[in-house]
Structures are given as C-alpha cells and as structure tokens.
$ cat my_file-v9.txt   # compact mmCIF, C-alpha atoms
# COMPACT_ATOMS: atom_id res chain seq x y z
CA MET A 1 0.00 0.00 0.00
CA GLY A 2 2.79 2.41 0.89
CA VAL A 3 4.49 2.02 -2.49
CA PHE A 4 1.29 2.70 -4.41
CA TRP A 5 0.50 5.57 -2.05
CA SER A 6 3.82 7.31 -2.55
CA ARG A 7 4.38 6.56 -6.24
CA GLY A 8 0.91 6.11 -7.71
CA TYR A 9 -0.38 3.11 -9.61
CA HIS A 10 1.23 3.71 -12.99
CA ALA A 11 4.62 4.78 -11.61
CA THR A 12 4.88 1.69 -9.40
CA ALA A 13 6.92 -0.99 -11.11
CA LEU A 14 7.24 -4.67 -10.31
CA PRO A 15 10.73 -4.23 -8.75
CA ASP A 16 9.22 -1.64 -6.35
CA LEU A 17 6.60 -4.16 -5.25
CA LEU A 18 9.13 -6.97 -4.92
CA ARG A 19 11.30 -4.79 -2.65
CA ALA A 20 8.34 -3.67 -0.55
CA THR A 21 6.87 -7.14 -0.09
CA LYS A 22 10.22 -8.95 0.08
CA LEU A 23 8.72 -11.57 -2.23
CA SER A 24 10.07 -13.11 -5.39
CA ARG A 25 8.23 -12.46 -8.64
CA GLY A 26 6.65 -15.92 -8.55
CA SER A 27 5.59 -15.60 -4.92
CA LEU A 28 4.11 -12.15 -5.51
CA TYR A 29 2.03 -13.40 -8.42
CA ALA A 30 1.01 -16.53 -6.51
CA ALA A 31 -0.05 -14.50 -3.47
CA PHE A 32 -1.72 -11.54 -5.17
CA GLY A 33 -2.19 -12.30 -8.84
CA ASP A 34 -1.12 -9.30 -10.86
CA LYS A 35 -0.19 -5.70 -10.04
CA HIS A 36 -3.77 -4.53 -10.45
CA SER A 37 -5.10 -7.15 -8.03
CA LEU A 38 -2.46 -6.19 -5.47
CA PHE A 39 -3.35 -2.53 -5.93
CA LEU A 40 -7.07 -3.23 -5.40
CA ARG A 41 -6.28 -5.16 -2.22
CA SER A 42 -4.16 -2.21 -1.03
CA LEU A 43 -6.99 0.19 -1.81
CA ASP A 44 -9.45 -2.08 0.03
CA ARG A 45 -7.18 -2.04 3.08
CA TYR A 46 -6.93 1.75 2.99
CA VAL A 47 -10.72 2.05 2.72
CA ALA A 48 -11.27 -0.46 5.55
CA ASP A 49 -8.97 1.57 7.81
CA ALA A 50 -10.86 4.77 6.94
CA VAL A 51 -14.24 3.13 7.62
CA THR A 52 -12.98 1.88 10.98
CA ARG A 53 -11.92 5.42 11.90
CA MET A 54 -15.34 6.73 10.86
CA ASP A 55 -17.09 4.12 12.99
CA VAL A 56 -15.03 5.07 16.04
CA GLU A 57 -15.25 8.85 15.61
CA LEU A 58 -18.93 8.92 14.62
CA ASP A 59 -19.99 6.21 17.09
CA PRO A 60 -23.80 6.49 17.57
CA ARG A 61 -23.34 6.15 21.34
CA ARG A 62 -21.44 9.42 21.31
CA GLU A 63 -23.16 12.80 21.37
CA PRO A 64 -23.50 13.52 17.61
CA VAL A 65 -21.93 16.99 17.55
CA ASP A 66 -18.98 15.68 19.57
CA GLY A 67 -18.65 12.83 17.08
CA LEU A 68 -18.73 15.20 14.13
CA ARG A 69 -16.10 17.41 15.76
CA ALA A 70 -13.91 14.35 16.48
CA TYR A 71 -14.27 13.13 12.91
CA LEU A 72 -13.39 16.52 11.45
CA ALA A 73 -10.48 16.91 13.90
CA GLY A 74 -9.16 13.61 12.59
CA TYR A 75 -9.17 15.06 9.09
CA VAL A 76 -7.30 18.13 10.29
CA GLU A 77 -4.70 15.83 11.85
CA ARG A 78 -4.40 13.72 8.69
CA THR A 79 -4.05 16.82 6.51
CA SER A 80 -1.41 18.58 8.61
CA GLY A 81 2.35 18.50 8.34
CA ALA A 82 4.02 15.47 6.78
CA ASN A 83 0.69 13.57 6.70
CA GLY A 84 -0.89 16.31 4.63
CA ARG A 85 2.07 16.52 2.28
CA ARG A 86 1.92 12.76 1.74
CA GLY A 87 -1.67 13.13 0.69
CA CYS A 88 -4.44 10.60 0.50
CA LEU A 89 -4.32 7.33 -1.41
CA LEU A 90 -8.00 7.65 -2.35
CA VAL A 91 -7.60 11.18 -3.71
CA ALA A 92 -4.45 10.24 -5.62
CA THR A 93 -6.15 7.13 -7.00
CA ALA A 94 -9.25 9.05 -8.02
CA MET A 95 -7.12 11.61 -9.85
CA GLU A 96 -5.04 8.94 -11.59
CA LEU A 97 -7.53 6.17 -12.35
CA ALA A 98 -11.15 7.28 -11.87
CA GLY A 99 -13.11 7.10 -15.07
CA ARG A 100 -10.60 4.65 -16.54
CA ASP A 101 -10.84 1.72 -14.11
CA ALA A 102 -14.28 0.35 -13.24
CA GLU A 103 -13.07 -1.49 -10.14
CA VAL A 104 -11.44 1.66 -8.78
CA ASP A 105 -14.56 3.68 -9.58
CA ARG A 106 -16.71 1.16 -7.72
CA ARG A 107 -14.50 1.17 -4.64
CA ILE A 108 -14.11 4.93 -4.41
CA GLY A 109 -17.81 5.52 -5.13
CA SER A 110 -18.78 2.99 -2.48
CA PHE A 111 -16.52 4.65 0.07
CA PHE A 112 -17.89 8.13 -0.66
CA LYS A 113 -21.45 6.79 -0.28
CA ALA A 114 -20.57 5.15 3.04
CA MET A 115 -18.88 8.32 4.26
CA GLU A 116 -21.86 10.43 3.26
CA ALA A 117 -24.31 8.00 4.90
CA LYS A 118 -22.37 7.95 8.18
CA LEU A 119 -22.17 11.76 8.22
CA ALA A 120 -25.88 12.03 7.37
CA ASP A 121 -26.68 9.67 10.24
CA ALA A 122 -24.65 11.77 12.70
CA LEU A 123 -26.28 14.95 11.39
CA SER A 124 -29.75 13.36 11.64
CA ARG A 125 -29.07 12.42 15.24
CA ALA A 126 -27.89 15.99 15.89
CA LYS A 127 -31.07 17.32 14.29
CA ALA A 128 -33.23 15.01 16.43
CA ALA A 129 -31.41 16.35 19.51
CA GLY A 130 -32.14 19.93 18.43
CA LYS A 131 -28.49 20.67 17.72
CA LEU A 132 -28.64 21.58 14.02
CA ALA A 133 -29.19 25.14 12.87
CA ASP A 134 -32.54 25.98 11.32
CA GLY A 135 -32.80 24.93 7.69
CA VAL A 136 -29.90 22.47 7.76
CA GLU A 137 -30.93 19.25 6.03
CA PRO A 138 -28.73 16.31 7.14
CA SER A 139 -28.25 14.63 3.76
CA SER A 140 -27.35 17.89 2.00
CA ALA A 141 -25.01 18.89 4.83
CA ALA A 142 -23.39 15.44 4.64
CA ARG A 143 -22.76 15.86 0.91
CA ILE A 144 -21.23 19.28 1.55
CA LEU A 145 -18.98 17.82 4.25
CA VAL A 146 -17.80 15.01 1.96
CA CYS A 147 -16.89 17.49 -0.77
CA PHE A 148 -15.25 19.81 1.76
CA LEU A 149 -13.19 17.06 3.39
CA TRP A 150 -11.87 15.72 0.10
CA GLY A 151 -11.08 19.26 -0.98
CA LEU A 152 -9.23 19.69 2.30
CA ARG A 153 -7.18 16.59 1.44
CA VAL A 154 -6.20 18.13 -1.89
CA VAL A 155 -5.37 21.53 -0.41
CA ALA A 156 -3.30 19.79 2.28
CA LYS A 157 -0.72 18.91 -0.36
CA THR A 158 0.23 22.61 -0.28
CA ALA A 159 0.96 22.30 3.47
CA PRO A 160 -1.42 24.76 5.11
CA THR A 161 -0.96 25.09 8.84
CA ARG A 162 -3.03 23.00 11.20
CA ILE A 163 -4.54 26.24 12.50
CA THR A 164 -5.70 27.19 8.99
CA SER A 165 -7.28 23.79 8.37
CA GLN A 166 -8.95 23.73 11.78
CA ALA A 167 -10.34 27.24 11.24
CA ALA A 168 -11.87 26.14 7.92
CA VAL A 169 -13.40 23.04 9.55
CA ASP A 170 -14.78 25.08 12.45
CA ALA A 171 -16.23 27.74 10.15
CA LEU A 172 -18.09 25.14 8.07
CA LEU A 173 -19.35 23.09 11.00
CA ASP A 174 -20.49 26.25 12.78
CA ARG A 175 -22.85 26.89 9.84
CA PHE A 176 -24.57 23.58 10.58
CA ILE A 177 -24.67 23.60 14.38
CA ARG A 178 -27.26 25.56 16.36
CA LYS A 179 -25.71 28.29 18.45
CA GLN A 180 -26.21 27.61 22.12
CA PRO A 181 -27.31 30.55 24.28
CA ILE A 182 -24.61 31.82 26.61

$ encode --input "my_file-v9.txt" --output "structure tokens"
Amino acid sequence: MGVFWSRGYHATALPDLLRATKLSRGSLYAAFGDKHSLFLRSLDRYVADAVTRMDVELDPRREPVDGLRAYLAGYVERTSGANGRRGCLLVATAMELAGRDAEVDRRIGSFFKAMEAKLADALSRAKAAGKLADGVEPSSAARILVCFLWGLRVVAKTAPTRITSQAAVDALLDRFIRKQPI
C-alpha cells in the first residue's frame, strides 16, 4: 500500500513491489495475482482503515456533535504536516484512475457513499437532539462535508498550517450547528 501511495499506480513498477513485499516475482504473483489485483487489495485495506476510523469517531453512542467534531479533527490531523504533504491514497487514485478503471470507480464511489451515509446519520441524530441550525438538512449537509473534506485533502498537499485547516473546519461546521445561548 505504501508504495502505491507514494508513487501512484502507474509509476509503481514490479521491482518496487518486490522490494516492498520482500517476495520473489513468482511468490508475488502466486499470493496476489497481478499488479492490479495487489493494488485493489491495497486500496481495500486503505478504505477499511478509513471506515474503521469513521465508525469510532462517529460512534452512535457518542453525542452527535462531539462525534462530528472528532471526525473533522481527525481530518485536520491527517491533513497537517508530513501527513498532509503525503496526501491521500483515495484522492491520488481518483485523480489517476477514476473514469478509466471500473473497479477503482466502484471502490471509491462505495466509500464516498458510506462516508456520506455515516455523516448524514450523525447529522440526523444531531437534528433530532435539536443541535442543528434551522434549515440544515442532514443529507445535504453530509454531501457538503464530503466534498469539503476531500477538498481539504487536496489543499493539504500545499501544506497549510493545522490552524488554517482547523479554522476552515470550524467555520463550516459552525454553519450547521445551532448556536447555544450563553
């Protein structure tokens, strides 16, 4: 996964994969099939890790606004410093292969739908608790957050400060959350 993440699919050559896996050519092919199959398994692993993070940060047992803030704080962390400069395997893959690889399209599309659904669920729970601002519709707000977060991943390649990213996250979320009287 790390090789594909740092080099991209097309720029990753068989010798790169052999070094990373410490396998011989025959063993690599026996274990994973071809380069594309290994790449898809790497992408699946990356997505599974991201879904696990979502499930923890947006846990339904947690107060929904706290969960949303934790989830967004995780994105700020992942888009700051060296992590942000490294970028996101999903974003890089979408830019390189989306529209040209049906399996990649399916995986990325499925992840975005899952992300949107989990955010919509958290926003719906916040709305039910009276925590959303008037006029905020959970599914629309979830779509906006998905687009915003993936844009944040792209912008992170330019190395904005953590403070800048957090301020952008706070400004957007504050549009969705009902202001509490002081």

$ residues_near_point --input "my_file-v9.txt" --point "(-11.7, 5.1, 5.0)" --cutoff "12 Å" --atoms "all atoms listed in the file" --output "PyMOL selection string"
chain A and resi 43-57+71+74-75+78+88-91+107-116+118+150

$ atom_distance --input "my_file-v9.txt" --atom1 "atom CA of A:Pro60" --atom2 "atom CA of A:Gly130"
15.8 Å

$ closest_residue --input "my_file-v9.txt" --among "A:Glu77, A:Asp105, A:Ala94, A:Asp134" --to "A:Thr164" --atoms "all atoms listed in the file"
A:Glu77

$ closest_atom_pairs --input "my_file-v9.txt" --of "stretch 60-98 of chain A" --to "stretch 167-176 of chain A" --cutoff "9 Å" --atoms "all atoms listed in the file" --output "Markdown table"
| residue | atom | partner | partner_atom | distance |
| --- | --- | --- | --- | --- |
| A:Leu68 | CA | A:Leu173 | CA | 8.5 |
| A:Arg69 | CA | A:Leu173 | CA | 8.1 |
| A:Leu72 | CA | A:Val169 | CA | 6.8 |
| A:Ala73 | CA | A:Val169 | CA | 8.1 |
| A:Val76 | CA | A:Val169 | CA | 7.9 |

$ residues_around --input "my_file-v9.txt" --residues "A:Pro64" --least-positions-apart "2" --cutoff "10 Å" --atoms "only C-alpha atoms" --output "JSON, numbers by chain"
{"A": [57, 58, 59, 60, 61, 62, 66, 67, 68, 69, 70, 119, 121, 122, 123, 124, 125, 126, 127, 128, 129, 131]}

$ atom_distance --input "my_file-v9.txt" --atom1 "atom CA of A:Arg106" --atom2 "atom CA of A:Leu149"
19.7 Å

$ residues_near_point --input "my_file-v9.txt" --point "(-10.6, 17.7, -4.8)" --cutoff "12 Å" --atoms "all atoms listed in the file" --output "list in words"
Gly87, Cys88, Leu90, Val91, Ala92, Thr93, Ala94, Met95, Val146, Cys147, Phe148, Leu149, Trp150, Gly151, Leu152, Arg153, Val154, Val155, Ala156 and Lys157 of chain A

$ atom_distance --input "my_file-v9.txt" --atom1 "atom CA of A:Glu63" --atom2 "atom CA of A:Pro138"
15.7 Å

$ residues_around --input "my_file-v9.txt" --residues "A:Phe32" --least-positions-apart "5" --cutoff "12 Å" --atoms "only C-alpha atoms" --output "list of chain:residue names"
A:Leu17, A:Leu18, A:Thr21, A:Leu23, A:Ser24, A:Arg25, A:Gly26, A:Ser27, A:Ser37, A:Leu38, A:Phe39, A:Leu40, A:Arg41, A:Ser42

$ closest_residue --input "my_file-v9.txt" --among "A:Leu97, A:Val65, A:Ala102, A:Ala82" --to "A:Ile177" --atoms "only C-alpha atoms"
A:Val65

$ closest_residue --input "my_file-v9.txt" --among "A:Tyr29, A:Ser165, A:His10, A:His36" --to "A:Val104" --atoms "all atoms listed in the file"
A:His36

$ closest_residue --input "my_file-v9.txt" --among "A:Glu103, A:Glu137, A:Glu96, A:Asp16" --to "A:Gly2" --atoms "all atoms listed in the file"
A:Asp16
